[in-house]
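Here is the structure we will look at, set down as structure tokens.
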2 protein chains.
Amino acid sequence: MSLLVTGTVGIDTVTTPYGHVEDVLGGTAVYFAFAACQYVPVRLVAVAGDDFPGGFRRVLESRDIDLTGLEVRSGSKTFRWTGRFVGDMNVAETVDLQLNVLAEQPPSVPAAFADSDTIFLGGTDPALQRELLGRLRSPKLVVCDTKDHWIVHQRDSLLKTLRMVTGAIINDGEARLLTERLNLIEAGEAILDMGLEFVIIKKGEHGALLVTQNGPAAVPAYPMKAVRDPTGAGDSFGGGVLGYLAREGKHDTETLRRAMVHGTVAASFTIEDFSLRKVQDLTRAEVNQRVSQFISMLRFD
Amino acid sequence: MSLLVTGTVGIDTVTTPYGHVEDVLGGTAVYFAFAACQYVPVRLVAVAGDDFPGGFRRVLESRDIDLTGLEVRSGSKTFRWTGRFVGDMNVAETVDLQLNVLAEQPPSVPAAFADSDTIFLGGTDPALQRELLGRLRSPKLVVCDTKDHWIVHQRDSLLKTLRMVTGAIINDGEARLLTERLNLIEAGEAILDMGLEFVIIKKGEHGALLVTQNGPAAVPAYPMKAVRDPTGAGDSFGGGVLGYLAREGKHDTETLRRAMVHGTVAASFTIEDFSLRKVQDLTRAEVNQRVSQFISMLRFD
């Protein structure tokens, strides 16, 4: 049960109809880690600049997140994202993006992390995803994300990465872009044909769809009124899924279905407040309670 | 257990990426009736013109649908809709609409139907909905649909109708238009405040949301690859919901939740083929099997 996540650590500025926050903790690996650490200890591999606030580091350290792999690079600046959500908040608009340290050398995997068995490769350059994977001795479950940019500009490299992973967790738009299929089950099946055992397609407020050789399975999102900031929902979903799979130590279809429930609940907490405010102090009891509630909502026999 | 439905009976011409059909049986009350008659006998109240094909009538008569209330008006023409679905088929584009007999006098409720206890008022003029309701002696459960047109142009009249019904089954877009709330739970609660016990908000391929005083409950759509023609999906959903509620003889929150499963399954069959092709010969065993499968997909404990 050793879960390693790679991805971004960032400083976000976010505006939604419910408020505005400046220079807050963000990044895909961070949202993922806070969700996953409810299930197993998390090993984080990422790089930040020397402007990365000590307060952010302490928030991460307050949970079961191992920061041995968080490189704070001297003379570099942390990745920054400024975005806003308007209307029904379904789509994030990027107002400003500063890659900063992400445009430099990638982080390296500490020797102490080489024995990790469950791996989540955030949606970085597919060549880098493979390089990171090469540093691990005996990964048992490898799941990746990807982004539009890599589908369009590094398709062959991405396909190479996909052949090396067990599963993928990606957005509906990316699944369609990657496969040129509109129907998401067909898209999922086309992704399986790329050499994966499973794919989970995230549909934002519309839930998620699992596709395996055993067919499709859907879950709705957790119905919520109090959505303040959707930032990180998808990454939290991935963290809940992988955290649960790592704890269970298996990824058969039944376990994957259940994992989607945990991902859904993780995302639901994240979007209740800005940045990591809601999840940074979240207890396992609160998570379990909402999981039970969600399962009850979907029990019909 | 007597379920009465009012709505349209029509002749449709439909184009989707999967084919084209001309002059086929359609209409909201027709789709509703084929779904609901899997649960209880259905009484149909609608009006057609004398061009209504005898073949269509025989298809309706082949199921447990009482056509005493189907007026075939001499000298009038049947309602016609020509539409197409493109891309992800989420939205129907109306190419041509001929109200014909729908622009004349509404149908009347036969005396033999006055004792109906479960009523579905299709999305016609809210004044007409109230008039139809006035013909019924002791309705126990009254559910209505509505359309954008009535929300915009007959709002006060619609609010009057809403105060007289038990529940509503409407689209997400209509719920938002009616309440000016983007969040669907908030929209649902605002509709409850208009005097209803429950509202079910249909989200097309994204499932459905129930809102009652006991909170929200969501179901995903039945995940399907073979979607050929989405026409009538929402009406079939309503038919499955009301048919189940009529059979159960109650509409508490638990029963409403289960009813959404039956509505979802009814819609899933309808969209498998054009017009009523798939559902006109559908057996109760096929319905039950898919209901069980859907419930299993959503069982996580």
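How things are named: the first chain in the structure tokens is A, the next is B, and so on; residues count from 1 in each chain; ligands count from 1 in the order shown.
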(message) Please identify all residues of chain B having at least one atom at most 10 Å from any atom of chain A, considering only C-alpha atoms, and return them as a VMD selection string.
(response) chain B and resid 87 to 89 181 to 187 203 205 to 210 215 to 227 254 to 255 257 to 261 291 to 292 294 to 301
File dump, residues just selected, C-alpha atoms, as a PDB file, in the first residue's frame:
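Wrote again26.pdb, looks like this:
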ATOM      1  CA  GLY B  87     -23.521  15.418 -32.979  1.00  0.00           C
ATOM      2  CA  ASP B  88     -23.940  14.035 -29.471  1.00  0.00           C
ATOM      3  CA  MET B  89     -27.730  14.072 -30.014  1.00  0.00           C
ATOM      4  CA  ARG B 181     -31.562  29.217 -10.522  1.00  0.00           C
ATOM      5  CA  LEU B 182     -28.596  27.509 -12.183  1.00  0.00           C
ATOM      6  CA  ASN B 183     -28.025  24.905  -9.496  1.00  0.00           C
ATOM      7  CA  LEU B 184     -30.629  22.222 -10.078  1.00  0.00           C
ATOM      8  CA  ILE B 185     -31.159  21.401  -6.406  1.00  0.00           C
ATOM      9  CA  GLU B 186     -31.874  25.078  -5.755  1.00  0.00           C
ATOM     10  CA  ALA B 187     -34.142  25.114  -8.809  1.00  0.00           C
ATOM     11  CA  LYS B 203     -31.092  15.815 -17.519  1.00  0.00           C
ATOM     12  CA  GLU B 205     -28.094  11.561 -21.048  1.00  0.00           C
ATOM     13  CA  HIS B 206     -26.961  12.792 -17.632  1.00  0.00           C
ATOM     14  CA  GLY B 207     -29.753  11.159 -15.676  1.00  0.00           C
ATOM     15  CA  ALA B 208     -32.327  12.664 -13.376  1.00  0.00           C
ATOM     16  CA  LEU B 209     -32.623  14.448 -10.049  1.00  0.00           C
ATOM     17  CA  LEU B 210     -35.429  14.100  -7.528  1.00  0.00           C
ATOM     18  CA  GLY B 215     -33.460  16.470   0.028  1.00  0.00           C
ATOM     19  CA  PRO B 216     -32.101  15.597  -3.387  1.00  0.00           C
ATOM     20  CA  ALA B 217     -31.500  12.166  -4.923  1.00  0.00           C
ATOM     21  CA  ALA B 218     -29.805  11.506  -8.249  1.00  0.00           C
ATOM     22  CA  VAL B 219     -29.701   8.658 -10.748  1.00  0.00           C
ATOM     23  CA  PRO B 220     -27.441   8.448 -13.786  1.00  0.00           C
ATOM     24  CA  ALA B 221     -28.830   7.540 -17.186  1.00  0.00           C
ATOM     25  CA  TYR B 222     -28.591   3.893 -18.167  1.00  0.00           C
ATOM     26  CA  PRO B 223     -25.220   3.793 -19.947  1.00  0.00           C
ATOM     27  CA  MET B 224     -25.837   2.975 -23.605  1.00  0.00           C
ATOM     28  CA  LYS B 225     -23.876   2.768 -26.791  1.00  0.00           C
ATOM     29  CA  ALA B 226     -26.726   2.020 -29.167  1.00  0.00           C
ATOM     30  CA  VAL B 227     -28.592   5.326 -29.068  1.00  0.00           C
ATOM     31  CA  GLU B 254     -38.453   6.061  -1.370  1.00  0.00           C
ATOM     32  CA  THR B 255     -41.047   5.116  -3.969  1.00  0.00           C
ATOM     33  CA  ARG B 257     -36.517   7.235  -5.989  1.00  0.00           C
ATOM     34  CA  ARG B 258     -37.364   3.765  -7.247  1.00  0.00           C
ATOM     35  CA  ALA B 259     -39.720   5.240  -9.823  1.00  0.00           C
ATOM     36  CA  MET B 260     -36.764   7.132 -11.312  1.00  0.00           C
ATOM     37  CA  VAL B 261     -35.075   3.792 -11.975  1.00  0.00           C
ATOM     38  CA  VAL B 291     -34.231  -2.717 -14.094  1.00  0.00           C
ATOM     39  CA  SER B 292     -32.355  -5.415 -12.164  1.00  0.00           C
ATOM     40  CA  PHE B 294     -29.411  -1.024 -13.504  1.00  0.00           C
ATOM     41  CA  ILE B 295     -30.035  -1.551  -9.790  1.00  0.00           C
ATOM     42  CA  SER B 296     -27.011  -3.875  -9.633  1.00  0.00           C
ATOM     43  CA  MET B 297     -24.862  -1.273 -11.347  1.00  0.00           C
ATOM     44  CA  LEU B 298     -25.796   1.161  -8.580  1.00  0.00           C
ATOM     45  CA  ARG B 299     -25.368  -1.219  -5.651  1.00  0.00           C
ATOM     46  CA  PHE B 300     -22.168  -0.557  -3.745  1.00  0.00           C
ATOM     47  CA  ASP B 301     -22.590  -2.321  -0.431  1.00  0.00           C
TER      48      ASP B 301
END
When you look at Thr16 in chain B with a cut-off of 8 Å (counting only C-alpha atoms), what residues show up, excluding the ones that are within fewer than 2 positions of it in the same chain? I need them as a compact mmCIF listing (two decimals) with C-alpha atoms, in the first residue's frame.
# COMPACT_ATOMS: atom_id res chain seq x y z
CA VAL B 14 -36.85 12.35 -37.59
CA TYR B 18 -28.11 6.73 -37.43
CA GLY B 19 -30.91 7.12 -39.94
CA HIS B 20 -34.03 8.87 -41.10
CA ARG B 84 -33.21 16.18 -36.23
CA PHE B 85 -30.50 15.27 -33.78
CA VAL B 86 -26.88 15.95 -34.66
CA MET B 89 -27.73 14.07 -30.01
CA ARG B 228 -30.29 5.67 -32.45
CA ASP B 229 -33.04 8.21 -31.81
(request) Please provide the set of residues having any atom within 7 Å of Asp64 in chain A, restricted to only C-alpha atoms, with same-chain residues fewer than 5 positions apart removed, written as number ranges by chain. (result) A: 37, 41-42
Resulting file, chosen residues, C-alpha atoms, as a compact mmCIF listing (two decimals), in the first residue's frame:
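The new file out-v4.txt reads:
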# COMPACT_ATOMS: atom_id res chain seq x y z
CA CYS A 37 -4.42 10.34 2.00
CA PRO A 41 -0.15 7.33 2.92
CA VAL A 42 0.68 9.34 -0.19
Near Leu132 in chain A, counting only C-alpha atoms, which residues have an atom at most 10 Å away, once you skip same-chain residues fewer than 3 positions from it, shown as a PDB file with N, CA and C atoms, in the first residue's frame?
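Full text of out_4.pdb as output:
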ATOM      1  N   THR A   6       2.325  11.888  -9.148  1.00  0.00           N
ATOM      2  CA  THR A   6       3.080  12.964  -9.762  1.00  0.00           C
ATOM      3  C   THR A   6       2.084  13.944 -10.368  1.00  0.00           C
ATOM      4  N   VAL A  45       5.402  13.478  -5.756  1.00  0.00           N
ATOM      5  CA  VAL A  45       6.558  13.829  -6.575  1.00  0.00           C
ATOM      6  C   VAL A  45       6.171  15.041  -7.417  1.00  0.00           C
ATOM      7  N   PRO A 106      12.120  18.306 -15.012  1.00  0.00           N
ATOM      8  CA  PRO A 106      11.091  17.699 -14.154  1.00  0.00           C
ATOM      9  C   PRO A 106      11.673  17.252 -12.820  1.00  0.00           C
ATOM     10  N   PRO A 107      10.801  16.991 -11.864  1.00  0.00           N
ATOM     11  CA  PRO A 107      11.280  16.481 -10.572  1.00  0.00           C
ATOM     12  C   PRO A 107      11.756  15.043 -10.745  1.00  0.00           C
ATOM     13  N   SER A 108      12.549  14.588  -9.818  1.00  0.00           N
ATOM     14  CA  SER A 108      13.002  13.193  -9.891  1.00  0.00           C
ATOM     15  C   SER A 108      12.339  12.380  -8.782  1.00  0.00           C
ATOM     16  N   VAL A 109      12.306  11.081  -8.991  1.00  0.00           N
ATOM     17  CA  VAL A 109      11.681  10.197  -8.021  1.00  0.00           C
ATOM     18  C   VAL A 109      12.724   9.807  -6.969  1.00  0.00           C
ATOM     19  N   ALA A 114      11.015   4.328  -4.889  1.00  0.00           N
ATOM     20  CA  ALA A 114      11.126   3.421  -6.039  1.00  0.00           C
ATOM     21  C   ALA A 114      10.332   2.134  -5.847  1.00  0.00           C
ATOM     22  N   ILE A 119       0.555   3.826  -8.652  1.00  0.00           N
ATOM     23  CA  ILE A 119       1.127   5.048  -9.232  1.00  0.00           C
ATOM     24  C   ILE A 119       0.050   5.830  -9.962  1.00  0.00           C
ATOM     25  N   LEU A 121       0.015   8.949 -12.558  1.00  0.00           N
ATOM     26  CA  LEU A 121       0.798   9.870 -13.373  1.00  0.00           C
ATOM     27  C   LEU A 121      -0.102  11.019 -13.812  1.00  0.00           C
ATOM     28  N   PRO A 126       3.720  13.105 -21.988  1.00  0.00           N
ATOM     29  CA  PRO A 126       3.720  11.635 -21.932  1.00  0.00           C
ATOM     30  C   PRO A 126       5.122  11.023 -21.860  1.00  0.00           C
ATOM     31  N   ALA A 127       6.104  11.694 -22.455  1.00  0.00           N
ATOM     32  CA  ALA A 127       7.479  11.183 -22.375  1.00  0.00           C
ATOM     33  C   ALA A 127       7.961  11.248 -20.924  1.00  0.00           C
ATOM     34  N   LEU A 128       7.604  12.325 -20.255  1.00  0.00           N
ATOM     35  CA  LEU A 128       7.966  12.469 -18.837  1.00  0.00           C
ATOM     36  C   LEU A 128       7.231  11.422 -17.997  1.00  0.00           C
ATOM     37  N   GLN A 129       5.978  11.160 -18.347  1.00  0.00           N
ATOM     38  CA  GLN A 129       5.233  10.116 -17.620  1.00  0.00           C
ATOM     39  C   GLN A 129       5.984   8.785 -17.713  1.00  0.00           C
ATOM     40  N   ARG A 135      11.474   4.867 -13.311  1.00  0.00           N
ATOM     41  CA  ARG A 135      12.226   4.931 -12.046  1.00  0.00           C
ATOM     42  C   ARG A 135      11.664   4.002 -10.981  1.00  0.00           C
ATOM     43  N   LEU A 136      10.542   3.376 -11.304  1.00  0.00           N
ATOM     44  CA  LEU A 136       9.862   2.570 -10.279  1.00  0.00           C
ATOM     45  C   LEU A 136      10.174   1.103 -10.522  1.00  0.00           C
TER      46      LEU A 136
END
(message) I'd like to know which of B:Asp235, B:Glu180, B:Glu93, B:Asp23 is closest to Gly123 in chain B, using only C-alpha atoms.
(response) B:Asp235
(request) Would you mind writing down, as an NGL selection string, each residue of range 113-296 of chain A that DSSP on the backbone assigns to helix (DSSP H, G or I)? (result) :A and (113 or 126-134 or 148-153 or 155-162 or 172-179 or 184-192 or 204-206 or 233-248 or 253-270 or 284-296)
(request) If you run DSSP over the backbone, which residues in range 60-272 of chain A end up strand (DSSP E)? Put them as a ChimeraX atom specification. (result) /A:65-73,79-85,92-98,118-121,141-144,167-171,198-202,208-212,215-219
(request) Find the residues near Val101 in chain B: any atom within 6 Å, counting only C-alpha atoms, skip ones fewer than 4 places away on the same chain, and give them as a list in words. (result)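 That gives Ser76, Lys77 and Thr78 of chain B.
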Writer output for current selection, C-alpha atoms, as a PDB file, in the first residue's frame:
ATOM      1  CA  SER B  76     -58.628  18.141 -39.045  1.00  0.00           C
ATOM      2  CA  LYS B  77     -55.008  17.175 -39.453  1.00  0.00           C
ATOM      3  CA  THR B  78     -52.796  15.419 -36.950  1.00  0.00           C
TER       4      THR B  78
END
(message) My list of candidates is A:Leu196, A:Ser2, A:Phe79, A:Glu189. Which is closest to Cys144 in chain A when distances are computed with only C-alpha atoms?
(response) A:Leu196
(request) Tell me which protein, DNA and RNA residues are within 9 Å of Tyr39 in chain A, counting only C-alpha atoms, leaving out same-chain ones fewer than 5 positions away, and put them as a list in words. (result) Gly240, Leu242, Gly243, Tyr244, Leu245, Ala246, Arg247 and Arg284 of chain A
(message) Can you pull out the residues contacting Ile11 in chain B? Cut-off 10 Å, using only C-alpha atoms, and skip same-chain residues under 6 positions away; I want them as a PyMOL selection string.
(response) chain B and resi 22-27+48+51-53+56+78-82+98+275
(request) Find the distance between CA of Thr118 in chain B and CA of Leu282 in chain B and write it in Å to one decimal. (result)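 Result for CA of Thr118 in chain B versus CA of Leu282 in chain B: 23.1 Å, one decimal.
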(request) Report the distance between CA of Thr124 in chain A and CA of Gly7 in chain A in Å, rounded to one decimal place. (result) 7.0 Å
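When CA of Gly122 in chain B is paired with CA of Thr146 in chain B, their separation reads 6.8 Å.
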